[in-house]
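What follows is the content of final_38.txt, which has compact mmCIF, C-alpha atoms and all ligand atoms:
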# COMPACT_ATOMS: atom_id res chain seq x y z
CA MET Q 152 109.90 80.41 115.88
CA ASN Q 153 108.09 81.78 112.81
CA LYS Q 154 106.89 85.35 113.17
CA PRO Q 155 103.17 86.02 112.54
CA LYS Q 156 102.17 87.03 109.03
CA TYR Q 157 100.13 90.10 108.21
CA LYS Q 158 97.20 89.74 105.82
CA LEU Q 159 96.92 92.36 103.14
CA GLY Q 160 94.18 93.67 100.86
CA VAL Q 161 95.13 96.15 98.11
CA ILE Q 162 92.84 98.68 96.42
CA GLY Q 163 93.99 100.47 93.24
CA LEU Q 164 96.10 98.23 91.01
CA GLY Q 165 98.13 100.78 89.02
CA GLU Q 166 100.86 101.74 91.49
CA GLY Q 167 99.31 99.06 93.74
CA ARG Q 168 101.40 96.73 91.58
CA SER Q 169 104.46 97.66 93.65
CA ILE Q 170 102.99 96.64 96.99
CA ILE Q 171 101.59 93.46 95.47
CA SER Q 172 105.11 92.57 94.37
CA ALA Q 173 106.47 93.52 97.79
CA ALA Q 174 103.91 91.47 99.72
CA MET Q 175 104.42 88.44 97.50
CA GLN Q 176 108.18 88.55 98.05
CA SER Q 177 107.89 89.06 101.79
CA GLU Q 178 108.08 86.34 104.43
CA ARG Q 179 105.96 88.53 106.67
CA TRP Q 180 102.94 89.20 104.46
CA ASP Q 181 100.16 87.25 102.78
CA LEU Q 182 98.29 88.93 99.95
CA VAL Q 183 94.66 87.98 100.58
CA ASN Q 184 92.74 89.90 97.90
CA VAL Q 185 92.97 92.89 95.55
CA CYS Q 186 90.41 95.36 94.23
CA ASP Q 187 90.03 97.72 91.28
CA ILE Q 188 86.89 99.06 89.61
CA ASN Q 189 88.52 98.37 86.25
CA GLU Q 190 88.20 94.63 85.60
CA GLU Q 191 90.80 94.73 82.83
CA MET Q 192 93.32 95.99 85.38
CA CYS Q 193 92.34 93.19 87.80
CA LYS Q 194 92.87 90.59 85.10
CA LEU Q 195 96.17 92.14 84.09
CA ARG Q 196 97.52 91.88 87.65
CA LYS Q 197 96.02 88.42 88.15
CA ASP Q 198 97.91 87.17 85.08
CA GLU Q 199 101.06 89.07 86.01
CA PHE Q 200 101.30 87.77 89.58
CA GLY Q 201 99.33 84.55 89.31
CA PHE Q 202 97.02 85.15 92.25
CA GLN Q 203 93.66 83.45 92.44
CA ARG Q 204 91.09 86.14 92.93
CA TYR Q 205 90.16 89.79 92.72
CA THR Q 206 87.11 91.94 93.37
CA LEU Q 207 85.58 95.02 91.79
CA ASN Q 208 83.92 95.96 95.09
CA TYR Q 209 85.95 97.55 97.93
CA MET Q 210 83.40 96.26 100.46
CA ASP Q 211 84.63 92.74 99.74
CA LEU Q 212 88.03 93.71 101.16
CA LEU Q 213 86.51 95.57 104.09
CA ASN Q 214 84.15 92.73 105.02
CA ASP Q 215 86.83 90.06 104.79
CA PRO Q 216 87.74 89.08 108.39
CA GLU Q 217 90.97 87.53 107.17
CA ILE Q 218 92.39 90.91 106.05
CA ASP Q 219 94.00 93.05 108.76
CA VAL Q 220 95.72 95.75 106.67
CA ILE Q 221 94.28 97.65 103.67
CA ALA Q 222 96.76 99.27 101.27
CA ILE Q 223 95.29 102.18 99.29
CA TYR Q 224 96.60 103.18 95.83
CA THR Q 225 93.53 104.79 94.31
CA PRO Q 226 93.55 108.31 92.78
CA ASP Q 227 94.44 111.07 95.27
CA GLN Q 228 90.88 112.41 95.41
CA LEU Q 229 89.60 109.07 96.84
CA HIS Q 230 92.16 108.45 99.59
CA GLY Q 231 90.19 110.19 102.37
CA ARG Q 232 87.06 108.15 101.77
CA HIS Q 233 88.96 104.90 101.37
CA ILE Q 234 91.00 105.44 104.57
CA GLN Q 235 87.87 106.25 106.56
CA MET Q 236 86.04 103.17 105.30
CA ALA Q 237 89.01 100.95 106.16
CA LEU Q 238 89.30 102.34 109.70
CA GLU Q 239 85.56 101.96 110.26
CA ALA Q 240 85.89 98.33 109.14
CA GLY Q 241 88.56 97.81 111.82
CA LYS Q 242 91.55 97.57 109.49
CA HIS Q 243 95.02 99.09 109.73
CA VAL Q 244 95.84 101.32 106.74
CA ILE Q 245 98.81 101.83 104.48
CA VAL Q 246 98.03 104.74 102.15
CA THR Q 247 100.20 106.10 99.39
CA LYS Q 248 101.09 109.80 99.23
CA PRO Q 249 99.43 112.25 99.32
CA MET Q 250 97.40 110.96 102.26
CA LEU Q 251 94.65 113.44 101.32
CA HIS Q 252 94.28 115.81 98.38
CA SER Q 253 93.16 118.66 100.64
CA LEU Q 254 93.11 119.51 104.35
CA GLU Q 255 89.34 119.82 104.25
CA GLU Q 256 88.91 116.12 105.05
CA ALA Q 257 91.58 116.09 107.77
CA SER Q 258 89.54 117.03 110.83
CA GLY Q 259 86.85 114.40 110.23
CA LEU Q 260 89.44 111.74 109.46
CA LEU Q 261 91.39 112.59 112.61
CA GLN Q 262 88.29 111.89 114.72
CA VAL Q 263 87.61 108.56 112.98
CA TRP Q 264 91.24 107.53 113.37
CA LYS Q 265 91.35 108.46 117.09
CA SER Q 266 88.39 106.26 117.87
CA SER Q 267 89.58 103.38 115.65
CA GLY Q 268 92.72 102.41 117.59
CA LYS Q 269 94.28 101.42 114.24
CA HIS Q 270 97.47 102.49 112.50
CA VAL Q 271 97.50 104.74 109.44
CA PHE Q 272 100.91 104.66 107.78
CA VAL Q 273 101.64 107.05 104.90
CA GLY Q 274 103.80 105.46 102.22
CA GLN Q 275 106.26 108.33 101.72
CA SER Q 276 108.26 106.08 99.50
CA SER Q 277 111.33 108.33 99.05
CA ARG Q 278 112.31 107.82 102.68
CA PHE Q 279 112.72 104.15 101.83
CA PHE Q 280 115.01 104.48 98.80
CA GLU Q 281 118.57 103.16 99.21
CA PRO Q 282 120.57 106.45 99.18
CA MET Q 283 118.00 108.14 101.43
CA ILE Q 284 118.22 105.25 103.94
CA HIS Q 285 122.01 105.61 104.14
CA GLN Q 286 121.74 109.37 104.51
CA ARG Q 287 119.26 108.97 107.35
CA ASN Q 288 121.49 106.46 109.12
CA ASP Q 289 124.47 108.82 108.83
CA PHE Q 290 122.35 111.70 110.11
CA LEU Q 291 121.20 109.68 113.13
CA ALA Q 292 124.78 108.57 113.77
CA GLY Q 293 125.77 112.24 114.00
CA TYR Q 294 128.12 112.37 110.99
CA HIS Q 295 126.67 115.71 109.86
CA GLY Q 296 126.93 117.37 113.24
CA GLU Q 297 124.21 119.95 113.58
CA VAL Q 298 122.24 120.23 110.33
CA ASP Q 299 120.97 123.75 109.77
CA THR Q 300 120.36 123.77 106.01
CA VAL Q 301 118.44 121.25 103.94
CA GLU Q 302 117.94 121.41 100.18
CA THR Q 303 115.48 119.06 98.55
CA SER Q 304 114.09 118.85 95.05
CA TYR Q 305 111.93 116.80 92.79
CA ILE Q 306 112.52 117.83 89.20
CA SER Q 307 111.16 115.63 86.42
CA ASP Q 308 109.43 115.73 83.08
CA SER Q 309 106.22 114.09 84.22
CA ARG Q 310 103.89 115.09 81.42
CA TRP Q 311 103.27 111.36 80.91
CA PHE Q 312 101.34 111.40 84.20
CA LEU Q 313 98.71 113.64 82.63
CA GLN Q 314 97.47 110.71 80.53
CA LYS Q 315 95.60 109.63 83.67
CA ASP Q 316 92.08 111.13 83.67
CA TRP Q 317 92.12 111.90 87.39
CA SER Q 318 95.33 113.95 87.07
CA ARG Q 319 93.44 116.48 84.96
CA GLN Q 320 90.52 116.67 87.38
CA ARG Q 321 89.89 118.85 90.40
CA GLY Q 322 91.91 117.72 93.37
CA PHE Q 323 95.11 116.85 91.51
CA SER Q 324 98.09 119.18 91.79
CA TRP Q 325 101.81 118.79 91.14
CA LEU Q 326 102.42 120.15 94.63
CA TYR Q 327 100.40 117.48 96.44
CA ASN Q 328 101.16 114.58 94.14
CA PHE Q 329 104.78 115.12 93.13
CA MET Q 330 106.48 117.83 95.17
CA ILE Q 331 105.27 116.21 98.39
CA HIS Q 332 108.28 113.88 98.10
CA ALA Q 333 110.68 116.83 98.37
CA VAL Q 334 108.60 118.52 101.09
CA ASP Q 335 108.47 115.32 103.14
CA LEU Q 336 112.24 114.88 102.97
CA ALA Q 337 112.78 118.47 104.12
CA LYS Q 338 110.32 117.93 106.95
CA TRP Q 339 111.95 114.64 107.93
CA TYR Q 340 115.07 116.62 108.89
CA LEU Q 341 113.32 119.82 110.05
CA PRO Q 342 110.15 118.43 111.64
CA GLU Q 343 109.11 121.76 113.11
CA ILE Q 344 108.85 123.85 109.95
CA GLU Q 345 106.78 126.85 111.02
CA GLU Q 346 106.83 129.23 108.04
CA VAL Q 347 107.03 128.91 104.25
CA PHE Q 348 107.48 131.34 101.41
CA GLY Q 349 107.61 130.70 97.70
CA TYR Q 350 106.56 131.37 94.17
CA GLY Q 351 104.85 129.12 91.67
CA HIS Q 352 104.21 129.43 87.99
CA SER Q 353 101.78 127.63 85.70
CA SER Q 354 103.35 127.18 82.25
CA ASN Q 355 101.50 127.18 78.94
CA THR Q 356 102.15 123.43 78.71
CA ASN Q 357 100.39 123.00 82.01
CA LYS Q 358 97.47 125.16 80.89
CA GLU Q 359 97.08 123.15 77.69
CA TYR Q 360 96.19 120.19 79.90
CA GLY Q 361 93.62 122.33 81.70
CA LEU Q 362 95.71 122.61 84.87
CA THR Q 363 95.88 125.89 86.74
CA ALA Q 364 97.91 124.92 89.82
CA PRO Q 365 101.63 125.67 89.26
CA ASP Q 366 103.97 123.19 87.59
CA SER Q 367 107.15 125.03 88.68
CA MET Q 368 107.67 125.99 92.32
CA ARG Q 369 110.52 127.30 94.45
CA PHE Q 370 110.27 127.63 98.22
CA VAL Q 371 112.18 128.50 101.35
CA MET Q 372 111.01 127.23 104.74
CA LYS Q 373 112.05 128.03 108.28
CA ASP Q 374 111.76 125.95 111.43
CA LYS Q 375 111.35 127.13 115.03
CA GLU Q 376 115.14 127.42 115.51
CA GLY Q 377 115.59 129.46 112.32
CA ARG Q 378 117.04 126.53 110.33
CA ILE Q 379 116.14 126.75 106.67
CA ALA Q 380 115.09 124.41 103.88
CA GLN Q 381 115.01 125.15 100.19
CA VAL Q 382 112.54 123.03 98.20
CA SER Q 383 112.19 122.97 94.41
CA GLY Q 384 109.87 121.31 91.91
CA SER Q 385 109.30 121.42 88.12
CA TYR Q 386 107.20 118.89 86.23
CA THR Q 387 106.38 119.72 82.63
CA LYS Q 388 109.73 120.68 81.08
CA PRO Q 389 112.19 118.52 79.19
CA SER Q 390 114.65 117.36 81.84
CA LEU Q 391 118.39 116.79 81.76
CA GLN Q 392 117.90 113.14 82.56
CA HIS Q 393 121.59 112.25 82.32
CA ILE Q 394 122.55 114.68 85.10
CA GLU Q 395 119.23 115.46 86.81
CA PRO Q 396 119.03 113.91 90.29
CA GLY Q 397 115.22 113.36 90.12
CA ILE Q 398 114.43 113.47 93.82
CA SER Q 399 117.34 114.70 95.92
CA CYS Q 400 118.11 115.67 99.49
CA THR Q 401 121.19 117.62 100.62
CA LEU Q 402 122.04 118.02 104.30
CA ARG Q 403 124.64 120.58 105.31
CA GLY Q 404 125.86 120.26 108.89
CA THR Q 405 128.55 121.59 111.17
CA LYS Q 406 130.63 118.43 110.72
CA GLY Q 407 129.74 117.22 107.27
CA THR Q 408 127.54 117.34 104.20
CA SER Q 409 125.72 114.70 102.18
CA ARG Q 410 123.45 114.43 99.16
CA ALA Q 411 121.19 111.48 98.37
CA VAL Q 412 119.87 111.31 94.83
CA TYR Q 413 117.46 109.15 92.90
CA SER Q 414 119.14 108.81 89.55
CA ASN Q 415 121.71 106.00 89.53
CA LEU Q 416 121.13 105.45 93.28
CA LEU Q 417 123.99 107.71 94.29
CA TYR Q 418 124.94 109.00 97.71
CA HIS Q 419 127.63 111.68 98.02
CA THR Q 420 129.26 112.45 101.35
CA HIS Q 421 131.91 114.69 102.78
CA PHE Q 422 132.51 113.88 106.40
CA PRO Q 423 136.00 115.24 107.16
CA PRO Q 424 138.76 114.20 107.59
CA GLU Q 425 137.77 112.05 104.58
CA GLN Q 426 137.63 113.72 101.18
CA PRO Q 427 134.32 113.75 99.28
CA VAL Q 428 133.13 110.20 98.52
CA THR Q 429 130.48 108.98 96.06
CA HIS Q 430 128.75 105.78 97.14
CA THR Q 431 126.97 103.85 94.40
CA PHE Q 432 124.17 101.42 95.02
CA GLU Q 433 123.54 100.62 91.37
CA GLU Q 434 123.64 96.89 92.09
CA LYS Q 435 120.33 97.40 93.87
CA PHE Q 436 118.65 98.69 90.72
CA PRO Q 437 116.77 95.38 90.05
CA TYR Q 438 115.56 95.31 93.65
CA TYR Q 439 114.06 98.80 93.46
CA PHE Q 440 112.90 98.76 89.83
CA ARG Q 441 111.22 95.42 89.21
CA PHE Q 442 109.07 96.29 86.24
CA GLU Q 443 109.66 98.01 82.90
CA GLY Q 444 111.22 101.48 83.22
CA THR Q 445 111.64 103.33 86.49
CA SER Q 446 108.16 104.72 87.13
CA HIS Q 447 107.41 102.03 89.74
CA HIS Q 448 109.92 101.45 92.51
CA ALA Q 449 108.73 98.35 94.31
CA GLY Q 450 111.85 98.04 96.45
CA GLU Q 451 110.78 101.10 98.43
CA TYR Q 452 107.45 99.40 99.14
CA GLN Q 453 109.28 96.24 100.16
CA ASN Q 454 111.29 98.32 102.62
CA TYR Q 455 108.24 100.08 104.01
CA ILE Q 456 106.05 97.03 104.51
CA GLU Q 457 108.89 95.27 106.34
CA TYR Q 458 109.35 98.42 108.44
CA PHE Q 459 105.59 98.44 109.13
CA THR Q 460 105.67 94.88 110.50
CA ASP Q 461 108.80 95.60 112.57
CA CYS Q 462 107.07 98.58 114.17
CA LEU Q 463 103.91 96.64 114.99
CA GLU Q 464 105.92 93.83 116.52
CA HIS Q 465 107.85 96.20 118.74
CA GLY Q 466 104.72 98.11 119.75
CA GLU Q 467 105.87 101.19 117.84
CA THR Q 468 103.94 103.50 115.51
CA PRO Q 469 104.99 103.28 111.86
CA LYS Q 470 105.92 106.79 110.68
CA PRO Q 471 104.84 108.94 109.01
CA ASP Q 472 101.51 108.29 110.68
CA LEU Q 473 98.21 110.13 110.22
CA MET Q 474 99.22 113.03 112.47
CA GLU Q 475 102.49 113.54 110.66
CA GLY Q 476 100.67 113.19 107.34
CA ILE Q 477 98.32 116.00 108.35
CA HIS Q 478 101.24 118.18 109.36
CA THR Q 479 102.84 117.64 105.95
CA LEU Q 480 99.54 118.54 104.27
CA SER Q 481 99.36 121.70 106.37
CA ILE Q 482 102.81 122.68 105.03
CA LEU Q 483 101.55 122.06 101.48
CA THR Q 484 98.50 124.21 102.16
CA ALA Q 485 100.72 126.97 103.57
CA MET Q 486 102.77 126.72 100.37
CA GLU Q 487 99.60 127.17 98.28
CA ARG Q 488 98.61 130.17 100.38
CA SER Q 489 102.06 131.72 99.98
CA MET Q 490 101.98 131.31 96.19
CA GLU Q 491 98.55 132.98 96.13
CA SER Q 492 99.45 135.86 98.45
CA GLY Q 493 103.14 136.40 97.65
CA THR Q 494 103.88 136.52 101.39
CA PRO Q 495 105.31 134.11 103.99
CA VAL Q 496 102.64 131.91 105.61
CA LYS Q 497 102.75 130.31 109.06
CA VAL Q 498 101.88 126.62 109.24
CA ASN Q 499 100.10 127.14 112.56
CA ASP Q 500 97.74 129.64 110.91
CA VAL Q 501 96.74 126.94 108.43
CA LEU Q 502 96.20 124.43 111.24
CA SER Q 503 93.98 126.95 113.07
CA GLU Q 504 92.02 127.73 109.90
CA PHE Q 505 91.17 124.03 109.58
CA CYS Q 506 90.55 123.63 113.34
CA LEU Q 507 93.35 121.07 113.61
CA GLU Q 508 95.17 120.43 116.86
CA LEU Q 509 98.07 118.03 116.38
N1 LIG Q 601 106.20 106.88 94.78
C1 LIG Q 601 104.96 106.71 95.13
O1 LIG Q 601 104.72 106.59 96.30
C2 LIG Q 601 103.87 106.70 94.11
C3 LIG Q 601 104.17 106.51 92.76
C4 LIG Q 601 103.10 106.52 91.85
C5 LIG Q 601 101.80 106.68 92.29
N2 LIG Q 601 101.55 106.86 93.61
C6 LIG Q 601 100.18 107.13 94.10
O2 LIG Q 601 99.33 106.03 93.80
C7 LIG Q 601 98.01 106.49 93.58
C8 LIG Q 601 97.52 105.91 92.26
O3 LIG Q 601 98.37 106.39 91.23
P1 LIG Q 601 98.55 105.53 89.90
O4 LIG Q 601 99.67 106.14 89.17
O5 LIG Q 601 98.58 104.08 90.22
O6 LIG Q 601 97.17 105.86 89.18
P2 LIG Q 601 96.40 104.92 88.13
O7 LIG Q 601 95.33 105.76 87.56
O8 LIG Q 601 97.39 104.29 87.22
O9 LIG Q 601 95.79 103.77 89.03
C9 LIG Q 601 94.71 103.99 89.92
C10 LIG Q 601 93.84 102.76 89.90
O10 LIG Q 601 92.78 102.94 90.84
C11 LIG Q 601 91.59 102.40 90.27
N3 LIG Q 601 90.41 102.99 90.91
C12 LIG Q 601 89.90 104.22 90.73
N4 LIG Q 601 88.82 104.40 91.51
C13 LIG Q 601 88.66 103.25 92.21
C14 LIG Q 601 87.72 102.83 93.17
N5 LIG Q 601 86.72 103.62 93.59
N6 LIG Q 601 87.82 101.57 93.68
C15 LIG Q 601 88.83 100.75 93.26
N7 LIG Q 601 89.74 101.11 92.34
C16 LIG Q 601 89.67 102.36 91.82
C17 LIG Q 601 91.70 102.72 88.79
O11 LIG Q 601 90.86 101.89 88.00
C18 LIG Q 601 93.20 102.51 88.53
O12 LIG Q 601 93.47 101.18 88.11
C19 LIG Q 601 98.08 108.03 93.57
O13 LIG Q 601 97.61 108.53 94.80
C20 LIG Q 601 99.56 108.33 93.42
O14 LIG Q 601 99.95 109.52 94.08
C21 LIG Q 601 102.55 106.86 94.53
Could I get this file's structure written as C-alpha cells?
Amino acid sequence: MNKPKYKLGVIGLGEGRSIISAAMQSERWDLVNVCDINEEMCKLRKDEFGFQRYTLNYMDLLNDPEIDVIAIYTPDQLHGRHIQMALEAGKHVIVTKPMLHSLEEASGLLQVWKSSGKHVFVGQSSRFFEPMIHQRNDFLAGYHGEVDTVETSYISDSRWFLQKDWSRQRGFSWLYNFMIHAVDLAKWYLPEIEEVFGYGHSSNTNKEYGLTAPDSMRFVMKDKEGRIAQVSGSYTKPSLQHIEPGISCTLRGTKGTSRAVYSNLLYHTHFPPEQPVTHTFEEKFPYYFRFEGTSHHAGEYQNYIEYFTDCLEHGETPKPDLMEGIHTLSILTAMERSMESGTPVKVNDVLSEFCLEL
C-alpha cells in the first residue's frame, strides 16, 4: 500500500533550493508552492526545477489548505516570525538553523508552539551527513564504550557569505549561523551541557565588513557528569582546504574513538582489536552535492525530510525539535556571555534570565 504523501511549501529560495530538490526526488513529498520576496529568485528556481507556480506573498502558503508543512529558509532574523505565522496557520514547520537569531523570541514562540499541537523540526543538517550518520550509528551500537570527550569544529573561509546583505546586519553572527553546527554536534553527544567557557576574537577582516561579533572562537564545555567538549570555529581566514576537515566531530570513548569529517566524506575509526580504519563515502558526493560547488548539500535535506516523515508515521517527534532548539540557543547565549565576561557561564542561568523552563 502506498504511504501518504506530505505536502510542502517552501519560503526562502536561496538555500531553500536544497529542500526543493529533496522534496522533488522524494516518494513521500509533494512540493505544492514556493515563496520568495525576490521575483527573480522565484523565476530562477521555477526554470531550474520546472515547477508551475510561485508566490511573493508568504500568506499564500499559509492560507493554502493543501500545504501541511512549511519549510523556512529565510534570513536568520526572520525565522521567529515565520515559524510563529506557520504554527498559527496550523502548519508543521521545518526550519533551517539557527532556529532563532536570539533567545529573546524563545519564550513567546514556546507558548505559540505549545498551543499549536504541531511539530517544529530544526534542520541541523550536519547530523544528516553521511560520515556523521555512521558515527552516530556506531555510537548507539556501543562501539565507543563510554564517551567522555567530544571535540567538534567548524573551520572555514566563509567570507563569501558576507556578500549577503542580511549577514552584515544586526542579528547575524558567526556563532549562531556557522558555529551552531559544531555546537549542535557536541550537544548531540553531551545533551546535558551545563557550563561553557571560551574566548572569541573579532579580526580586522571581520571589522572591515562592519561585524563586531567574533569570527574566531574556542570553547570548552562541561556536562552534568563532568564530561567535556571542545568546540572551535574560525570563519574569515584563508583555510587549508586540502587538509581542513570543515565540520568535524571526534568522539573518544573507553572502547574506541572515531572522527567524522566533512571534506571528502571521511569517517575514521579505531575500535580495537581492529587497527585504525578510514571509511570513505566519496561515491555519495553527487547525492549530497547536487549543484555547483559544495555550498549547498541537498543530500542532508533529503535525509532529514525522509526522517521527518518516518517520525510522523511512527508517532514520534522529529529531533531536534523546538525545545531542543531552544536549549542549543541557550548554550550559544551562554557562549556569548562567557566571551563578554571572560568567565564560565552556566546554561541554566541563561534559561532563568530568559524565563525559559524546558
Ligand atoms: N547547512 C545548512 O543548514 C544551511 C546552509 C546554508 C544556509 N542555511 C540557512 O538558510 C537561511 C537562508 O540562507 P541563504 O544562504 O539561503 O540566504 P540567501 O540570502 O541566499 O537566501 C534567502 C532568501 O530569502 C528571501 N527572503 C528574504 N526575506 C523574505 C521574506 N520576508 N519572505 C520571503 N522570502 C524572503 C531572499 O529574497 C532570499 O532569496 C539562513 O538561515 C541560513 O542559516 C542553512
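Note that atom CA of Q:Phe290 and atom CA of Q:Pro423 are 14.4 Å apart.
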Exercise. For stretch 317-329 of chain Q, list every protein, DNA or RNA residue within 9 Å, evaluated using all atoms listed in the file, and leave out those in the same chain fewer than 2 positions away; present the list as a PyMOL selection string.
Key: chain Q and resi 226-228+248-249+251-253+305+312-315+331-333+360-368+384-386+480+483+486-487
Would you save the residues from that selection as an mmCIF file, in the frame of the given file, using C-alpha atoms?
data_model
loop_
_atom_site.group_PDB
_atom_site.id
_atom_site.type_symbol
_atom_site.label_atom_id
_atom_site.label_comp_id
_atom_site.auth_asym_id
_atom_site.auth_seq_id
_atom_site.Cartn_x
_atom_site.Cartn_y
_atom_site.Cartn_z
ATOM 1 C CA PRO Q 226 93.550 108.310 92.780
ATOM 2 C CA ASP Q 227 94.440 111.070 95.270
ATOM 3 C CA GLN Q 228 90.880 112.410 95.410
ATOM 4 C CA LYS Q 248 101.090 109.800 99.230
ATOM 5 C CA PRO Q 249 99.430 112.250 99.320
ATOM 6 C CA LEU Q 251 94.650 113.440 101.320
ATOM 7 C CA HIS Q 252 94.280 115.810 98.380
ATOM 8 C CA SER Q 253 93.160 118.660 100.640
ATOM 9 C CA TYR Q 305 111.930 116.800 92.790
ATOM 10 C CA PHE Q 312 101.340 111.400 84.200
ATOM 11 C CA LEU Q 313 98.710 113.640 82.630
ATOM 12 C CA GLN Q 314 97.470 110.710 80.530
ATOM 13 C CA LYS Q 315 95.600 109.630 83.670
ATOM 14 C CA ILE Q 331 105.270 116.210 98.390
ATOM 15 C CA HIS Q 332 108.280 113.880 98.100
ATOM 16 C CA ALA Q 333 110.680 116.830 98.370
ATOM 17 C CA TYR Q 360 96.190 120.190 79.900
ATOM 18 C CA GLY Q 361 93.620 122.330 81.700
ATOM 19 C CA LEU Q 362 95.710 122.610 84.870
ATOM 20 C CA THR Q 363 95.880 125.890 86.740
ATOM 21 C CA ALA Q 364 97.910 124.920 89.820
ATOM 22 C CA PRO Q 365 101.630 125.670 89.260
ATOM 23 C CA ASP Q 366 103.970 123.190 87.590
ATOM 24 C CA SER Q 367 107.150 125.030 88.680
ATOM 25 C CA MET Q 368 107.670 125.990 92.320
ATOM 26 C CA GLY Q 384 109.870 121.310 91.910
ATOM 27 C CA SER Q 385 109.300 121.420 88.120
ATOM 28 C CA TYR Q 386 107.200 118.890 86.230
ATOM 29 C CA LEU Q 480 99.540 118.540 104.270
ATOM 30 C CA LEU Q 483 101.550 122.060 101.480
ATOM 31 C CA MET Q 486 102.770 126.720 100.370
ATOM 32 C CA GLU Q 487 99.600 127.170 98.280
#
Practice problem: Find the residues near ligand LIG 601 (chain Q). Use a cut-off of 9 Å, count only C-alpha atoms and all ligand atoms, and write them as a VMD selection string. | Solution: chain Q and resid 162 to 169 186 to 193 206 to 209 223 to 230 233 246 to 252 274 to 277 312 314 to 318 327 to 329 332 446 to 449 451 to 452
Practice problem: Point out the residue among Q:Thr356, Q:Ser307, Q:Gln286, Q:Asn153 with the least atom-to-atom distance to Q:Trp339, counting all atoms listed in the file. | Solution: Q:Gln286
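When atom CA of Q:Tyr350 is paired with atom CA of Q:Asp299, their separation reads 22.6 Å.
For the atom pair formed by atom CA of Q:Leu416 and atom CA of Q:Gly397, the distance is 10.4 Å, given to one decimal.
Proximity to Q:Arg287 was assessed for Q:Thr303, Q:Ser409, Q:Ser177, Q:Gln235 counting all atoms listed in the file; the smallest distance is recorded for Q:Ser409.
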Practice problem: List the residues sitting within 10 Å of (110.9, 119.0, 102.7) in the file's frame, using all atoms listed in the file, as a list in words. | Solution: Val301, Glu302, Thr303, Ser304, Met330, Ile331, His332, Ala333, Val334, Asp335, Leu336, Ala337, Lys338, Trp339, Tyr340, Leu341, Pro342, Ile344, Phe370, Val371, Met372, Ala380, Gln381, Val382, Ser383, Cys400, Thr479, Ile482 and Leu483 of chain Q
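Remark: for Q:Ala174, the closest of the candidate residues Q:Gly160, Q:Pro216, Q:Pro424, Q:Pro437 is Q:Gly160 (distances computed over all atoms listed in the file).
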